[in-house]
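Engineer: Structure incoming, see below.
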Amino acid sequence: SSGINAENGEFKYFQYYYITNNLSQGIRMGCGTGLMKTLMFVFNGIVWILGLVLFVVGVVVLVEGKNWNDIVDNKTVPVSVMLIVVGLVIAVVGFLGCCGAMKQNGSMLLVYAIILGLIIILQCVAGILAFIFSDEAHELVQTGLEKGLTDYGKPPSVDVQKDEESIWTTGIDWVQEKFECCGITDGYDWSEAAGAATWWISKTGGKHVKDVPDSCCTTITANCGAGKAVKAVQTGIHEAGCFKEAKEWVEDQSMIMGILGIVFMVLEAFNIVFALVLRRSSSA
């Protein structure tokens, strides 16, 4: 009887150990899965918000770009469209990831991980191309400003409404007010001696041989730029040239976009890991 009792005791101990061990493993797996879901929801939420931010930035660039689109050879339209499309795709993919995590659908999670991987590759390619063509962007701004000064003040072309200003006049005024600058290098670019603002200084055109546009003034009033296109007399107008200011602005925005891109890729990489772990646990 003592032997039977001993066997019963060992069996009960084994049964207790088996049940408790499997139970603790189940709890750990449940907690791990729950943690992965929570982290994926949080990271996905951040990615989704950033996607919406990109969409909004794209819309703003598309709307604001009409003021200076001709200066940069209509390059604002493709950039803004790209931002809108990328923002929408990221927002939709983020929603897909949340649904996949909530339902723990293995197929949906796999598709989500693959799409995120493709997005990361595209972001890397876009970053490399932006770095390669950064000098071209500077040349584009320089050329646009030179063209803007040449045609500044010209009457509207036939395809523009009669009461509208020339697109170059509107664009240059917007740039000079926005960046608080004057001319390409300084206000002297508007003078007859510099010879850059062809129509502005011509006798048959603007006849402003010593004037800068009013948009150059630190405080804009009617005819505030009169007589200021002289090196010795440049008080009351912005001292910085527009090329320098525009170049610094482009570089600052590029740095911000680069940082955002890196943050995006890190969050996306984490989400890929979470999605694959959840998929594995769902199929286990």
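Chains: A, B, ... in order of the structure tokens. Residues: from 1 per chain. Ligands: from 1, in order shown.
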Residues near region 261-274 of chain A, anyone? I mean within 10 Å using only C-alpha atoms, not counting same-chain ones fewer than 4 positions away, as a VMD selection string.
Structural biologist: chain A and resid 33 35 to 44 46 to 47 50 to 51 90 94 97 101 109 to 110 112 to 117 119 to 121 123 to 124 126 to 127 255 to 257 278 to 280
Engineer: Let's have the selection written as a short mmCIF file (atom, residue, chain, number, x, y, z; two decimals), in the first residue's frame, with C-alpha atoms.
Structural biologist:
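Final output, again-v7.cif:
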```cif
data_model
loop_
_atom_site.label_atom_id
_atom_site.label_comp_id
_atom_site.auth_asym_id
_atom_site.auth_seq_id
_atom_site.Cartn_x
_atom_site.Cartn_y
_atom_site.Cartn_z
CA THR A 33 0.76 38.57 -27.46
CA LEU A 35 2.01 43.35 -25.27
CA MET A 36 2.81 42.95 -28.96
CA LYS A 37 -0.72 44.03 -29.87
CA THR A 38 -0.48 47.08 -27.61
CA LEU A 39 2.94 48.11 -28.98
CA MET A 40 1.76 47.60 -32.54
CA PHE A 41 -1.33 49.74 -31.90
CA VAL A 42 0.83 52.51 -30.38
CA PHE A 43 3.48 52.47 -33.12
CA ASN A 44 0.80 52.16 -35.80
CA ILE A 46 2.11 57.24 -34.55
CA VAL A 47 2.72 56.14 -38.16
CA LEU A 50 2.57 61.06 -39.39
CA GLY A 51 0.92 59.83 -42.59
CA ILE A 90 0.79 55.23 -45.01
CA GLY A 94 -1.60 51.86 -40.68
CA GLY A 97 -2.11 46.95 -39.51
CA ALA A 101 -3.50 43.09 -35.02
CA LEU A 109 -0.46 40.82 -41.01
CA LEU A 110 1.79 39.30 -43.68
CA TYR A 112 0.93 44.56 -43.94
CA ALA A 113 4.56 43.58 -43.24
CA ILE A 114 5.34 43.21 -46.97
CA ILE A 115 3.82 46.62 -47.83
CA LEU A 116 5.76 48.27 -45.00
CA GLY A 117 8.96 46.65 -46.25
CA ILE A 119 7.61 51.50 -48.29
CA ILE A 120 10.94 51.43 -46.40
CA ILE A 121 12.78 50.54 -49.63
CA GLN A 123 11.89 55.83 -48.71
CA CYS A 124 15.57 54.84 -48.90
CA ALA A 126 13.82 58.73 -52.34
CA GLY A 127 16.38 59.84 -49.72
CA MET A 255 16.83 68.18 -42.87
CA ILE A 256 13.37 68.07 -41.27
CA MET A 257 12.14 65.68 -43.97
CA LEU A 278 1.80 38.28 -33.99
CA ARG A 279 1.35 36.30 -37.19
CA ARG A 280 3.54 33.52 -35.82
#
```
Engineer: So which residues touch Ser191 (chain A) within 9 Å, counting only C-alpha atoms, skipping near sequence neighbours fewer than 4 positions away, as a list in words?
Structural biologist: Gly187, Gly195, Ala196, Ala197, Trp200, Ile201, His208, Val209, Lys210, Asp211, Val212, Lys228, Ala229 and Val230 of chain A
Engineer: Restricted to N, CA, C and O atoms, what would the selected residues look like written as a PDB file, in the first residue's frame?
Structural biologist:
```
ATOM      1  N   GLY A 187      19.730  94.087 -52.609  1.00  0.00           N
ATOM      2  CA  GLY A 187      18.851  95.036 -53.288  1.00  0.00           C
ATOM      3  C   GLY A 187      19.467  95.691 -54.511  1.00  0.00           C
ATOM      4  O   GLY A 187      18.747  96.192 -55.386  1.00  0.00           O
ATOM      5  N   GLY A 195      21.788  95.487 -64.041  1.00  0.00           N
ATOM      6  CA  GLY A 195      21.245  95.023 -65.319  1.00  0.00           C
ATOM      7  C   GLY A 195      20.512  93.692 -65.263  1.00  0.00           C
ATOM      8  O   GLY A 195      20.296  93.068 -66.304  1.00  0.00           O
ATOM      9  N   ALA A 196      20.116  93.255 -64.066  1.00  0.00           N
ATOM     10  CA  ALA A 196      19.442  91.956 -63.934  1.00  0.00           C
ATOM     11  C   ALA A 196      17.939  92.067 -64.171  1.00  0.00           C
ATOM     12  O   ALA A 196      17.341  91.214 -64.830  1.00  0.00           O
ATOM     13  N   ALA A 197      17.332  93.137 -63.632  1.00  0.00           N
ATOM     14  CA  ALA A 197      15.876  93.326 -63.747  1.00  0.00           C
ATOM     15  C   ALA A 197      15.575  94.070 -65.044  1.00  0.00           C
ATOM     16  O   ALA A 197      15.271  95.267 -65.058  1.00  0.00           O
ATOM     17  N   TRP A 200      12.130  95.910 -65.518  1.00  0.00           N
ATOM     18  CA  TRP A 200      11.963  96.834 -64.399  1.00  0.00           C
ATOM     19  C   TRP A 200      12.710  98.145 -64.627  1.00  0.00           C
ATOM     20  O   TRP A 200      12.211  99.217 -64.305  1.00  0.00           O
ATOM     21  N   ILE A 201      13.912  98.061 -65.228  1.00  0.00           N
ATOM     22  CA  ILE A 201      14.750  99.260 -65.387  1.00  0.00           C
ATOM     23  C   ILE A 201      14.659  99.868 -66.788  1.00  0.00           C
ATOM     24  O   ILE A 201      15.164 100.981 -67.014  1.00  0.00           O
ATOM     25  N   HIS A 208      12.383 101.993 -63.525  1.00  0.00           N
ATOM     26  CA  HIS A 208      12.806 102.089 -62.129  1.00  0.00           C
ATOM     27  C   HIS A 208      14.318 101.881 -62.038  1.00  0.00           C
ATOM     28  O   HIS A 208      14.793 100.854 -61.590  1.00  0.00           O
ATOM     29  N   VAL A 209      15.078 102.861 -62.463  1.00  0.00           N
ATOM     30  CA  VAL A 209      16.533 102.687 -62.548  1.00  0.00           C
ATOM     31  C   VAL A 209      17.210 102.643 -61.173  1.00  0.00           C
ATOM     32  O   VAL A 209      18.304 102.093 -61.034  1.00  0.00           O
ATOM     33  N   LYS A 210      16.590 103.238 -60.157  1.00  0.00           N
ATOM     34  CA  LYS A 210      17.196 103.257 -58.816  1.00  0.00           C
ATOM     35  C   LYS A 210      16.248 102.740 -57.734  1.00  0.00           C
ATOM     36  O   LYS A 210      16.500 102.908 -56.549  1.00  0.00           O
ATOM     37  N   ASP A 211      15.163 102.088 -58.157  1.00  0.00           N
ATOM     38  CA  ASP A 211      14.152 101.642 -57.191  1.00  0.00           C
ATOM     39  C   ASP A 211      14.190 100.119 -57.001  1.00  0.00           C
ATOM     40  O   ASP A 211      14.572  99.376 -57.899  1.00  0.00           O
ATOM     41  N   VAL A 212      13.773  99.706 -55.826  1.00  0.00           N
ATOM     42  CA  VAL A 212      13.521  98.286 -55.580  1.00  0.00           C
ATOM     43  C   VAL A 212      12.002  98.129 -55.421  1.00  0.00           C
ATOM     44  O   VAL A 212      11.310  99.093 -55.084  1.00  0.00           O
ATOM     45  N   LYS A 228      16.117 103.056 -53.475  1.00  0.00           N
ATOM     46  CA  LYS A 228      16.849 102.153 -52.566  1.00  0.00           C
ATOM     47  C   LYS A 228      17.756 101.152 -53.300  1.00  0.00           C
ATOM     48  O   LYS A 228      18.463 100.393 -52.652  1.00  0.00           O
ATOM     49  N   ALA A 229      17.730 101.155 -54.642  1.00  0.00           N
ATOM     50  CA  ALA A 229      18.570 100.214 -55.390  1.00  0.00           C
ATOM     51  C   ALA A 229      19.967 100.783 -55.606  1.00  0.00           C
ATOM     52  O   ALA A 229      20.526 100.758 -56.700  1.00  0.00           O
ATOM     53  N   VAL A 230      20.532 101.332 -54.550  1.00  0.00           N
ATOM     54  CA  VAL A 230      21.876 101.912 -54.568  1.00  0.00           C
ATOM     55  C   VAL A 230      22.647 101.313 -53.406  1.00  0.00           C
ATOM     56  O   VAL A 230      22.121 101.229 -52.293  1.00  0.00           O
TER      57      VAL A 230
END
```
Engineer: Which residues are close to Glu180 (chain A), i.e. within 9 Å by only C-alpha atoms, leaving aside same-chain residues fewer than 5 positions away? Reply as a ChimeraX atom specification.
Structural biologist: /A:175,215-218,237-242,245
Engineer: Save out the residues we just selected, N, CA, C and O atoms, as a PDB file, in the first residue's frame.
Structural biologist:
```
ATOM      1  N   VAL A 175       8.134  85.744 -52.637  1.00  0.00           N
ATOM      2  CA  VAL A 175       9.428  85.261 -52.117  1.00  0.00           C
ATOM      3  C   VAL A 175      10.085  86.322 -51.247  1.00  0.00           C
ATOM      4  O   VAL A 175      10.582  86.029 -50.149  1.00  0.00           O
ATOM      5  N   SER A 215       8.032  95.196 -52.124  1.00  0.00           N
ATOM      6  CA  SER A 215       8.104  93.939 -51.356  1.00  0.00           C
ATOM      7  C   SER A 215       9.466  93.733 -50.702  1.00  0.00           C
ATOM      8  O   SER A 215       9.634  92.849 -49.866  1.00  0.00           O
ATOM      9  N   CYS A 216      10.458  94.553 -51.078  1.00  0.00           N
ATOM     10  CA  CYS A 216      11.787  94.489 -50.452  1.00  0.00           C
ATOM     11  C   CYS A 216      11.816  95.214 -49.102  1.00  0.00           C
ATOM     12  O   CYS A 216      12.736  94.999 -48.298  1.00  0.00           O
ATOM     13  N   CYS A 217      10.843  96.087 -48.870  1.00  0.00           N
ATOM     14  CA  CYS A 217      10.869  96.943 -47.688  1.00  0.00           C
ATOM     15  C   CYS A 217      10.581  96.165 -46.407  1.00  0.00           C
ATOM     16  O   CYS A 217       9.792  95.227 -46.396  1.00  0.00           O
ATOM     17  N   THR A 218      11.246  96.587 -45.324  1.00  0.00           N
ATOM     18  CA  THR A 218      10.994  95.958 -44.026  1.00  0.00           C
ATOM     19  C   THR A 218       9.587  96.290 -43.539  1.00  0.00           C
ATOM     20  O   THR A 218       8.936  95.478 -42.877  1.00  0.00           O
ATOM     21  N   ILE A 237      15.189  98.392 -46.241  1.00  0.00           N
ATOM     22  CA  ILE A 237      14.888  97.218 -47.065  1.00  0.00           C
ATOM     23  C   ILE A 237      15.654  96.018 -46.499  1.00  0.00           C
ATOM     24  O   ILE A 237      16.611  96.170 -45.742  1.00  0.00           O
ATOM     25  N   HIS A 238      15.219  94.841 -46.866  1.00  0.00           N
ATOM     26  CA  HIS A 238      15.880  93.629 -46.381  1.00  0.00           C
ATOM     27  C   HIS A 238      17.280  93.511 -46.977  1.00  0.00           C
ATOM     28  O   HIS A 238      17.470  93.696 -48.181  1.00  0.00           O
ATOM     29  N   GLU A 239      18.241  93.222 -46.126  1.00  0.00           N
ATOM     30  CA  GLU A 239      19.636  93.162 -46.573  1.00  0.00           C
ATOM     31  C   GLU A 239      19.986  91.834 -47.243  1.00  0.00           C
ATOM     32  O   GLU A 239      20.800  91.794 -48.166  1.00  0.00           O
ATOM     33  N   ALA A 240      19.397  90.760 -46.779  1.00  0.00           N
ATOM     34  CA  ALA A 240      19.752  89.432 -47.295  1.00  0.00           C
ATOM     35  C   ALA A 240      19.242  89.224 -48.717  1.00  0.00           C
ATOM     36  O   ALA A 240      18.190  89.745 -49.099  1.00  0.00           O
ATOM     37  N   GLY A 241      20.006  88.471 -49.501  1.00  0.00           N
ATOM     38  CA  GLY A 241      19.577  88.104 -50.838  1.00  0.00           C
ATOM     39  C   GLY A 241      18.630  86.911 -50.796  1.00  0.00           C
ATOM     40  O   GLY A 241      18.714  86.069 -49.896  1.00  0.00           O
ATOM     41  N   CYS A 242      17.748  86.816 -51.776  1.00  0.00           N
ATOM     42  CA  CYS A 242      16.723  85.763 -51.761  1.00  0.00           C
ATOM     43  C   CYS A 242      17.297  84.381 -52.043  1.00  0.00           C
ATOM     44  O   CYS A 242      16.760  83.385 -51.561  1.00  0.00           O
ATOM     45  N   GLU A 245      18.601  83.022 -48.709  1.00  0.00           N
ATOM     46  CA  GLU A 245      17.493  82.692 -47.803  1.00  0.00           C
ATOM     47  C   GLU A 245      16.704  81.473 -48.295  1.00  0.00           C
ATOM     48  O   GLU A 245      16.347  80.596 -47.507  1.00  0.00           O
TER      49      GLU A 245
END
```
Engineer: What separation in Å, quoted to one decimal, exists between CA of Thr219 (chain A) and CA of Gly236 (chain A)?
Structural biologist: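 Rounded to one decimal, the two atoms are 7.4 Å apart.
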Engineer: Using Å and a single decimal, report how far CA of Ala246 (chain A) sits from CA of Leu140 (chain A).
Structural biologist: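 Calculated distance between CA of Leu140 (chain A) and CA of Ala246 (chain A) is 11.0 Å.
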Engineer: Rank A:Lys147, A:Lys244, A:Lys154, A:His138 by their smallest atom-to-atom distance to Cys181 (chain A), using only C-alpha atoms, and report the top residue only.
Structural biologist: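 Going through A:Lys147, A:Lys244, A:Lys154, A:His138 one by one, the smallest distance to Cys181 (chain A) is for A:Lys244.
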